Amino acid sequence: MGTALTRSAGLTDVGLKREGNEDSLSVDESLNLYIVADGMGGHLAGEVASRTAVDLINKSYRKWKGSETPEEEIFGCPDTSLSRSGNYILSSILLANKVIYEMATEHKKYKGMGTTVAVLAVMPGLIISANAGDSPIYMIRNGRIEKISKDHNFVAEQVEMGLMTEEEAAESPMKHVLTKNLGSYEELNPDIFEIVPAKNDRFVLCSDGLTDLVTDDEILQMVEEVQDPEVLCRNFIDMALKRGGHDNTTVVTVSLSDTGKPKTGPMKKMGALLTDISTVMQKRSKKNRR
Amino acid sequence: MEKLVLTFNKQIIKKYSFDKDNLTIGRKPENDVQIDNLAVSGHHARIDRTGTEFMLTDLQSTNGTFVNHKQIVSHTLKHGDNIQIGKHVLLFLASEKKETGVGEPVKEPDLDKTMILDTAKQRELLAKQAKPGAPPPAAATSEKIGVLSALGGSDLGEIELTKKLTRIGKADTSEIRLSGIMMAATAATISKRPSGYTIAFTGGRTKLKVNGQVVQDSMPLKDFDTIEIGSHKFQFYQKEPK
């Protein structure tokens, strides 16, 4: 099923200033599930947190989605504003948070570890974007770029409350201070969005190692210039390195090759039209009888 | 010499040196450290030199004085203590000579590195500081709910957009089911995105118009936009959640 839906690639780079790479990613075309996680915490703990998040989210989503598990049977309390698949994503993130939180509280070496997570799930007729932290997800459609994730950091919250302007936020030293992540609190309220896909939609998931150095407009331009997902990832990483590579940089790019909508052939359309006409006729005749 | 650094939102506003034996902090201009903010009492706190030490005392201020997130009445200051007064933070820096790490400059936090903000604590502090009538702290920014109000004698009435994604059309799976000879299975969708509600045309045979203009892909919705889907007409607005 998934093979024709998307073309994708993912790449991560330690950068030029950091010793280890605390980012993790998952590109799973069989599930059409894409994840970027940016871990934090010393002595490999950040890497453990991001890897655990990516693996657990993939595993739980695969399990639930594969068997179309009823919402009551998945982890946590289902959110009625979401589709069933949306709840699979939500629950998989909540479960990963719980596990990382417990690891961080029970093991001294993992104390204080945490991770951001950006998740994109593609299926016929539906795109789900979910995140906690400041690893963004972009959608490029009809020559426009739109962030379909929410940044959970101190300055973004200040901007939303009107206490800080966008310009002040860009300059603020507090822009890396997260207000949400996996691992720091028992409770987590990730943001989830559901969107209907359109033909030729393209998506970029990344860690802030990229967005600190490359603007949204530049991302748009780079996406428009290159069709091949792998080349595009390489271009993004090269750009981050060229501009100093101060942090780990991870990019996942996804192109929809098909919106995955069930095809409606001309005959089927004709059939639908005939049904319409016949129902209208029936209604009319009913009216006439009255 | 010992120093106090006044910061707001981690931005340094002013530095003060202890060139005398006591220093007063408050909103009124006669204070040594004047903080012009309503969350700060006229005479909020003071710091006194007691031999080699410095004693911080809260002057029964309305909103209290906090050191490293704990409310204090009096407190002997240590190097690196954060004194929170209202939304301002005063950083206490001991004389460099007395420092154990001789002459070592004060380490600034590596703000380039991702950190986690202890929001629960911060919000608790903010909540304590909130004055009656002041805007509520961060957590309370409630999200509005979109509503489609059917126009033109339709019996659909007011439809709340309670889902992240609302499909509109004839299909049984639609959140909003519409009838009509030319109605597509899914004619349009409204999704709640980070930027707000967005309506999208799904490419079927049913025309989508917003404020009389045909929509070919998608557009953000504003309060009181009129939406036409085939022969159905709605007005969009957002209301506060109950």
# chains A, B, ... in the order shown; residues from 1 in each chain; ligands from 1
>>> residues_around(residues="stretch 233-247 of chain A", least_positions_apart="4", cutoff="8 Å", atoms="only C-alpha atoms", output="ChimeraX atom specification")
/A:9-18,209-210,213-214,222,229,251-253
>>> closest_atom_pairs(of="chain A", to="chain B", cutoff="8 Å", atoms="only C-alpha atoms", output="Markdown table")
| residue | atom | partner | partner_atom | distance |
| --- | --- | --- | --- | --- |
| A:Met40 | CA | B:Thr114 | CA | 6.9 |
| A:Thr80 | CA | B:Lys163 | CA | 7.3 |
| A:Ser81 | CA | B:Lys163 | CA | 4.0 |
| A:Leu82 | CA | B:Lys164 | CA | 6.0 |
| A:Lys147 | CA | B:Pro194 | CA | 7.3 |
| A:Ile148 | CA | B:Pro194 | CA | 6.0 |
| A:Ser149 | CA | B:Pro194 | CA | 6.3 |
| A:Lys150 | CA | B:Pro194 | CA | 6.0 |
| A:Phe154 | CA | B:Leu117 | CA | 7.6 |
| A:Glu157 | CA | B:Ala138 | CA | 7.2 |
| A:Met161 | CA | B:Ala138 | CA | 7.0 |
| A:Pro173 | CA | B:Leu111 | CA | 5.9 |
| A:Met174 | CA | B:Leu111 | CA | 6.7 |
| A:His176 | CA | B:Thr114 | CA | 4.7 |
| A:Val177 | CA | B:Met115 | CA | 4.8 |
| A:Leu178 | CA | B:Ile116 | CA | 4.8 |
| A:Thr179 | CA | B:Leu117 | CA | 5.4 |
| A:Lys180 | CA | B:Ile116 | CA | 7.7 |
| A:Asn181 | CA | B:Ile116 | CA | 7.8 |
| A:Ser184 | CA | B:Ile116 | CA | 7.8 |
| A:Phe193 | CA | B:Arg193 | CA | 6.0 |
| A:Glu194 | CA | B:Leu165 | CA | 5.5 |
| A:Ile195 | CA | B:Ser191 | CA | 5.9 |
| A:Val196 | CA | B:Thr189 | CA | 7.3 |
| A:Ala198 | CA | B:Thr202 | CA | 7.8 |
| A:Leu273 | CA | B:Ile181 | CA | 7.5 |
| A:Asp276 | CA | B:Ile181 | CA | 5.1 |
| A:Ile277 | CA | B:Ile181 | CA | 6.5 |
| A:Val280 | CA | B:Ile181 | CA | 7.0 |
>>> write_last_selection(atoms="N, CA and C atoms", output="PDB file, in the first residue's frame")
ATOM      1  N   MET A  40      18.318  15.886  24.566  1.00  0.00           N
ATOM      2  CA  MET A  40      19.165  16.728  25.416  1.00  0.00           C
ATOM      3  C   MET A  40      19.461  15.994  26.712  1.00  0.00           C
ATOM      4  N   THR A  80     -11.172  13.263  21.489  1.00  0.00           N
ATOM      5  CA  THR A  80     -12.306  13.172  20.569  1.00  0.00           C
ATOM      6  C   THR A  80     -12.168  14.103  19.364  1.00  0.00           C
ATOM      7  N   SER A  81     -11.244  15.070  19.436  1.00  0.00           N
ATOM      8  CA  SER A  81     -11.101  15.975  18.297  1.00  0.00           C
ATOM      9  C   SER A  81     -10.244  15.350  17.196  1.00  0.00           C
ATOM     10  N   LEU A  82      -9.689  14.160  17.475  1.00  0.00           N
ATOM     11  CA  LEU A  82      -8.780  13.540  16.502  1.00  0.00           C
ATOM     12  C   LEU A  82      -9.407  12.322  15.853  1.00  0.00           C
ATOM     13  N   LYS A 147       4.351  26.266   8.383  1.00  0.00           N
ATOM     14  CA  LYS A 147       4.772  25.421   9.498  1.00  0.00           C
ATOM     15  C   LYS A 147       3.537  24.726  10.042  1.00  0.00           C
ATOM     16  N   ILE A 148       3.528  23.399  10.011  1.00  0.00           N
ATOM     17  CA  ILE A 148       2.346  22.672  10.496  1.00  0.00           C
ATOM     18  C   ILE A 148       2.642  22.012  11.839  1.00  0.00           C
ATOM     19  N   SER A 149       3.567  22.610  12.583  1.00  0.00           N
ATOM     20  CA  SER A 149       3.841  22.181  13.954  1.00  0.00           C
ATOM     21  C   SER A 149       3.883  23.444  14.793  1.00  0.00           C
ATOM     22  N   LYS A 150       3.886  23.276  16.089  1.00  0.00           N
ATOM     23  CA  LYS A 150       3.926  24.438  16.981  1.00  0.00           C
ATOM     24  C   LYS A 150       5.231  24.416  17.762  1.00  0.00           C
ATOM     25  N   PHE A 154      10.071  29.015  25.080  1.00  0.00           N
ATOM     26  CA  PHE A 154       9.716  30.169  25.894  1.00  0.00           C
ATOM     27  C   PHE A 154       9.365  31.390  25.041  1.00  0.00           C
ATOM     28  N   GLU A 157       6.029  31.194  23.126  1.00  0.00           N
ATOM     29  CA  GLU A 157       4.904  31.430  24.034  1.00  0.00           C
ATOM     30  C   GLU A 157       4.735  32.913  24.333  1.00  0.00           C
ATOM     31  N   MET A 161       1.529  35.283  23.493  1.00  0.00           N
ATOM     32  CA  MET A 161       0.842  36.078  24.510  1.00  0.00           C
ATOM     33  C   MET A 161       0.956  37.575  24.252  1.00  0.00           C
ATOM     34  N   PRO A 173      18.046  35.268  23.641  1.00  0.00           N
ATOM     35  CA  PRO A 173      18.868  34.123  24.044  1.00  0.00           C
ATOM     36  C   PRO A 173      18.039  32.991  24.631  1.00  0.00           C
ATOM     37  N   MET A 174      16.743  33.242  24.844  1.00  0.00           N
ATOM     38  CA  MET A 174      15.876  32.230  25.451  1.00  0.00           C
ATOM     39  C   MET A 174      15.208  31.321  24.425  1.00  0.00           C
ATOM     40  N   HIS A 176      16.072  28.796  22.888  1.00  0.00           N
ATOM     41  CA  HIS A 176      16.287  27.354  22.989  1.00  0.00           C
ATOM     42  C   HIS A 176      15.751  26.774  24.285  1.00  0.00           C
ATOM     43  N   VAL A 177      15.004  27.592  25.014  1.00  0.00           N
ATOM     44  CA  VAL A 177      14.450  27.100  26.272  1.00  0.00           C
ATOM     45  C   VAL A 177      13.077  26.497  25.989  1.00  0.00           C
ATOM     46  N   LEU A 178      12.997  25.184  26.131  1.00  0.00           N
ATOM     47  CA  LEU A 178      11.760  24.476  25.767  1.00  0.00           C
ATOM     48  C   LEU A 178      10.718  24.524  26.878  1.00  0.00           C
ATOM     49  N   THR A 179       9.457  24.593  26.482  1.00  0.00           N
ATOM     50  CA  THR A 179       8.373  24.509  27.459  1.00  0.00           C
ATOM     51  C   THR A 179       7.686  23.148  27.409  1.00  0.00           C
ATOM     52  N   LYS A 180       7.940  22.378  26.343  1.00  0.00           N
ATOM     53  CA  LYS A 180       7.401  21.019  26.265  1.00  0.00           C
ATOM     54  C   LYS A 180       8.484  20.109  25.716  1.00  0.00           C
ATOM     55  N   ASN A 181       8.541  18.899  26.193  1.00  0.00           N
ATOM     56  CA  ASN A 181       9.454  17.892  25.641  1.00  0.00           C
ATOM     57  C   ASN A 181       9.063  16.542  26.224  1.00  0.00           C
ATOM     58  N   SER A 184      10.660  15.174  30.656  1.00  0.00           N
ATOM     59  CA  SER A 184      10.809  16.041  31.826  1.00  0.00           C
ATOM     60  C   SER A 184       9.626  16.008  32.775  1.00  0.00           C
ATOM     61  N   PHE A 193      -2.071  18.084  14.467  1.00  0.00           N
ATOM     62  CA  PHE A 193      -2.890  18.683  13.415  1.00  0.00           C
ATOM     63  C   PHE A 193      -3.212  17.635  12.365  1.00  0.00           C
ATOM     64  N   GLU A 194      -4.408  17.744  11.810  1.00  0.00           N
ATOM     65  CA  GLU A 194      -4.819  16.806  10.762  1.00  0.00           C
ATOM     66  C   GLU A 194      -5.184  17.596   9.514  1.00  0.00           C
ATOM     67  N   ILE A 195      -4.619  17.191   8.405  1.00  0.00           N
ATOM     68  CA  ILE A 195      -4.753  17.941   7.161  1.00  0.00           C
ATOM     69  C   ILE A 195      -5.060  16.964   6.030  1.00  0.00           C
ATOM     70  N   VAL A 196      -5.865  17.405   5.085  1.00  0.00           N
ATOM     71  CA  VAL A 196      -6.121  16.579   3.905  1.00  0.00           C
ATOM     72  C   VAL A 196      -4.990  16.831   2.894  1.00  0.00           C
ATOM     73  N   ALA A 198      -2.797  17.192  -0.555  1.00  0.00           N
ATOM     74  CA  ALA A 198      -3.064  17.624  -1.925  1.00  0.00           C
ATOM     75  C   ALA A 198      -1.933  17.083  -2.794  1.00  0.00           C
ATOM     76  N   LEU A 273     -23.430  10.635 -10.268  1.00  0.00           N
ATOM     77  CA  LEU A 273     -24.317  11.663 -10.809  1.00  0.00           C
ATOM     78  C   LEU A 273     -25.726  11.106 -11.033  1.00  0.00           C
ATOM     79  N   ASP A 276     -27.500  10.782  -7.836  1.00  0.00           N
ATOM     80  CA  ASP A 276     -27.959  12.108  -7.431  1.00  0.00           C
ATOM     81  C   ASP A 276     -29.274  12.444  -8.114  1.00  0.00           C
ATOM     82  N   ILE A 277     -29.273  12.248  -9.424  1.00  0.00           N
ATOM     83  CA  ILE A 277     -30.444  12.619 -10.205  1.00  0.00           C
ATOM     84  C   ILE A 277     -31.653  11.799  -9.757  1.00  0.00           C
ATOM     85  N   VAL A 280     -33.011  12.996  -6.450  1.00  0.00           N
ATOM     86  CA  VAL A 280     -33.731  14.254  -6.624  1.00  0.00           C
ATOM     87  C   VAL A 280     -35.107  13.997  -7.228  1.00  0.00           C
TER      88      VAL A 280
END
>>> atom_distance(atom1="atom CA of A:Ser85", atom2="atom CA of A:Ser24")
22.9 Å
>>> atom_distance(atom1="atom CA of B:His69", atom2="atom CA of B:Asn82")
8.0 Å
>>> select_by_dssp(residues="stretch 41-198 of chain A", states="helix (DSSP H, G or I)", output="PyMOL selection string")
chain A and resi 45-67+71-73+84-106+108-110+154-160+166-171
>>> write_last_selection(atoms="C-alpha atoms", output="PDB file, in the first residue's frame")
ATOM      1  CA  ALA A  45      21.544  10.542  27.689  1.00  0.00           C
ATOM      2  CA  GLY A  46      20.247  12.900  24.988  1.00  0.00           C
ATOM      3  CA  GLU A  47      20.919  10.287  22.370  1.00  0.00           C
ATOM      4  CA  VAL A  48      19.197   7.634  24.475  1.00  0.00           C
ATOM      5  CA  ALA A  49      16.145   9.886  24.896  1.00  0.00           C
ATOM      6  CA  SER A  50      15.793  10.721  21.200  1.00  0.00           C
ATOM      7  CA  ARG A  51      16.422   7.131  20.076  1.00  0.00           C
ATOM      8  CA  THR A  52      13.919   5.754  22.610  1.00  0.00           C
ATOM      9  CA  ALA A  53      11.283   8.252  21.455  1.00  0.00           C
ATOM     10  CA  VAL A  54      11.738   7.449  17.771  1.00  0.00           C
ATOM     11  CA  ASP A  55      11.737   3.673  18.308  1.00  0.00           C
ATOM     12  CA  LEU A  56       8.769   3.604  20.666  1.00  0.00           C
ATOM     13  CA  ILE A  57       6.587   5.895  18.558  1.00  0.00           C
ATOM     14  CA  ASN A  58       7.297   3.812  15.471  1.00  0.00           C
ATOM     15  CA  LYS A  59       6.662   0.543  17.307  1.00  0.00           C
ATOM     16  CA  SER A  60       3.389   1.535  18.972  1.00  0.00           C
ATOM     17  CA  TYR A  61       1.998   3.209  15.852  1.00  0.00           C
ATOM     18  CA  ARG A  62       2.854   0.121  13.800  1.00  0.00           C
ATOM     19  CA  LYS A  63       1.145  -2.148  16.302  1.00  0.00           C
ATOM     20  CA  TRP A  64      -2.044  -0.110  16.661  1.00  0.00           C
ATOM     21  CA  LYS A  65      -2.350   0.934  13.038  1.00  0.00           C
ATOM     22  CA  GLY A  66      -1.622  -2.599  11.834  1.00  0.00           C
ATOM     23  CA  SER A  67      -4.535  -4.076  13.751  1.00  0.00           C
ATOM     24  CA  GLU A  71      -9.318   3.727  20.543  1.00  0.00           C
ATOM     25  CA  GLU A  72     -10.399   2.543  24.005  1.00  0.00           C
ATOM     26  CA  GLU A  73      -7.661  -0.088  23.972  1.00  0.00           C
ATOM     27  CA  ARG A  84      -8.453   7.207  15.117  1.00  0.00           C
ATOM     28  CA  SER A  85      -5.024   7.412  13.490  1.00  0.00           C
ATOM     29  CA  GLY A  86      -4.531  10.787  15.157  1.00  0.00           C
ATOM     30  CA  ASN A  87      -5.132   9.075  18.480  1.00  0.00           C
ATOM     31  CA  TYR A  88      -2.590   6.371  17.610  1.00  0.00           C
ATOM     32  CA  ILE A  89      -0.002   9.099  17.078  1.00  0.00           C
ATOM     33  CA  LEU A  90      -1.012  10.954  20.249  1.00  0.00           C
ATOM     34  CA  SER A  91      -0.877   7.791  22.336  1.00  0.00           C
ATOM     35  CA  SER A  92       2.445   6.680  20.902  1.00  0.00           C
ATOM     36  CA  ILE A  93       3.959  10.038  21.907  1.00  0.00           C
ATOM     37  CA  LEU A  94       2.421   9.883  25.398  1.00  0.00           C
ATOM     38  CA  LEU A  95       3.719   6.357  25.873  1.00  0.00           C
ATOM     39  CA  ALA A  96       7.224   7.360  24.774  1.00  0.00           C
ATOM     40  CA  ASN A  97       7.083  10.311  27.190  1.00  0.00           C
ATOM     41  CA  LYS A  98       6.129   8.051  30.065  1.00  0.00           C
ATOM     42  CA  VAL A  99       8.945   5.619  29.364  1.00  0.00           C
ATOM     43  CA  ILE A 100      11.591   8.338  28.981  1.00  0.00           C
ATOM     44  CA  TYR A 101      10.297  10.118  32.085  1.00  0.00           C
ATOM     45  CA  GLU A 102      10.575   6.914  34.105  1.00  0.00           C
ATOM     46  CA  MET A 103      14.062   6.193  32.790  1.00  0.00           C
ATOM     47  CA  ALA A 104      15.107   9.724  33.710  1.00  0.00           C
ATOM     48  CA  THR A 105      13.707   9.514  37.227  1.00  0.00           C
ATOM     49  CA  GLU A 106      14.874   5.966  37.993  1.00  0.00           C
ATOM     50  CA  LYS A 108      20.968   8.435  37.800  1.00  0.00           C
ATOM     51  CA  LYS A 109      22.814   8.443  34.474  1.00  0.00           C
ATOM     52  CA  TYR A 110      19.638   9.502  32.646  1.00  0.00           C
ATOM     53  CA  PHE A 154       9.716  30.169  25.894  1.00  0.00           C
ATOM     54  CA  VAL A 155       9.938  32.894  23.245  1.00  0.00           C
ATOM     55  CA  ALA A 156       7.223  31.390  21.021  1.00  0.00           C
ATOM     56  CA  GLU A 157       4.904  31.430  24.034  1.00  0.00           C
ATOM     57  CA  GLN A 158       5.837  35.022  24.782  1.00  0.00           C
ATOM     58  CA  VAL A 159       5.055  35.970  21.174  1.00  0.00           C
ATOM     59  CA  GLU A 160       1.716  34.183  21.345  1.00  0.00           C
ATOM     60  CA  GLU A 166       8.765  38.179  16.317  1.00  0.00           C
ATOM     61  CA  GLU A 167      11.906  40.270  15.885  1.00  0.00           C
ATOM     62  CA  GLU A 168      12.701  40.235  19.607  1.00  0.00           C
ATOM     63  CA  ALA A 169      12.050  36.496  19.641  1.00  0.00           C
ATOM     64  CA  ALA A 170      14.553  35.831  16.854  1.00  0.00           C
ATOM     65  CA  GLU A 171      17.243  37.667  18.831  1.00  0.00           C
TER      66      GLU A 171
END
>>> select_by_dssp(residues="stretch 69-288 of chain A", states="strand (DSSP E)", output="tab-separated table (two decimals) with C-alpha atoms, in the first residue's frame")
chain	number	residue	atom	x	y	z
A	114	GLY	CA	14.61	14.71	27.41
A	115	THR	CA	13.86	15.02	23.74
A	117	VAL	CA	9.80	14.99	18.73
A	118	ALA	CA	8.29	15.83	15.34
A	119	VAL	CA	6.07	13.18	13.78
A	120	LEU	CA	4.47	13.09	10.34
A	121	ALA	CA	2.12	10.29	9.34
A	122	VAL	CA	0.82	10.02	5.80
A	123	MET	CA	-2.12	7.87	4.76
A	126	LEU	CA	-5.05	12.21	5.66
A	127	ILE	CA	-1.85	13.82	6.92
A	128	ILE	CA	-1.14	13.92	10.65
A	129	SER	CA	1.48	16.25	12.07
A	130	ALA	CA	2.37	16.04	15.76
A	131	ASN	CA	5.09	17.59	17.87
A	132	ALA	CA	6.45	18.45	21.29
A	137	ILE	CA	7.45	20.32	10.43
A	138	TYR	CA	6.91	22.28	7.23
A	139	MET	CA	4.41	21.72	4.46
A	140	ILE	CA	5.20	23.09	1.00
A	141	ARG	CA	2.11	23.39	-1.18
A	144	ARG	CA	3.99	28.36	-0.26
A	145	ILE	CA	5.62	27.13	2.93
A	146	GLU	CA	3.62	26.62	6.11
A	147	LYS	CA	4.77	25.42	9.50
A	177	VAL	CA	14.45	27.10	26.27
A	178	LEU	CA	11.76	24.48	25.77
A	191	ASP	CA	0.15	19.50	19.48
A	192	ILE	CA	-1.50	17.47	16.73
A	193	PHE	CA	-2.89	18.68	13.42
A	194	GLU	CA	-4.82	16.81	10.76
A	195	ILE	CA	-4.75	17.94	7.16
A	202	ARG	CA	6.07	18.12	0.20
A	203	PHE	CA	7.16	18.04	3.81
A	204	VAL	CA	10.33	18.84	5.74
A	205	LEU	CA	10.89	17.68	9.33
A	206	CYS	CA	14.08	18.89	10.98
A	249	THR	CA	21.36	18.82	12.22
A	250	THR	CA	18.74	16.34	11.10
A	251	VAL	CA	16.41	16.57	8.12
A	252	VAL	CA	13.69	14.29	6.78
A	253	THR	CA	12.03	15.18	3.46
A	254	VAL	CA	8.84	13.62	2.18
A	255	SER	CA	7.15	14.06	-1.21
A	256	LEU	CA	3.66	12.81	-1.91
>>> closest_residue(among="B:Val210, B:Ala171, B:Leu4, B:Val73", to="B:Phe92", atoms="only C-alpha atoms")
B:Leu4
>>> atom_distance(atom1="atom CA of B:Met219", atom2="atom CA of A:Glu225")
24.4 Å
>>> residues_around(residues="B:Gly169", least_positions_apart="5", cutoff="6 Å", atoms="only C-alpha atoms", output="list in words")
Ser174, Arg177, Leu178, Ala184, Ala185, Thr186 and Ala187 of chain B
>>> residues_around(residues="B:Asp36", least_positions_apart="2", cutoff="7 Å", atoms="only C-alpha atoms", output="PyMOL selection string")
chain B and resi 27+34+38
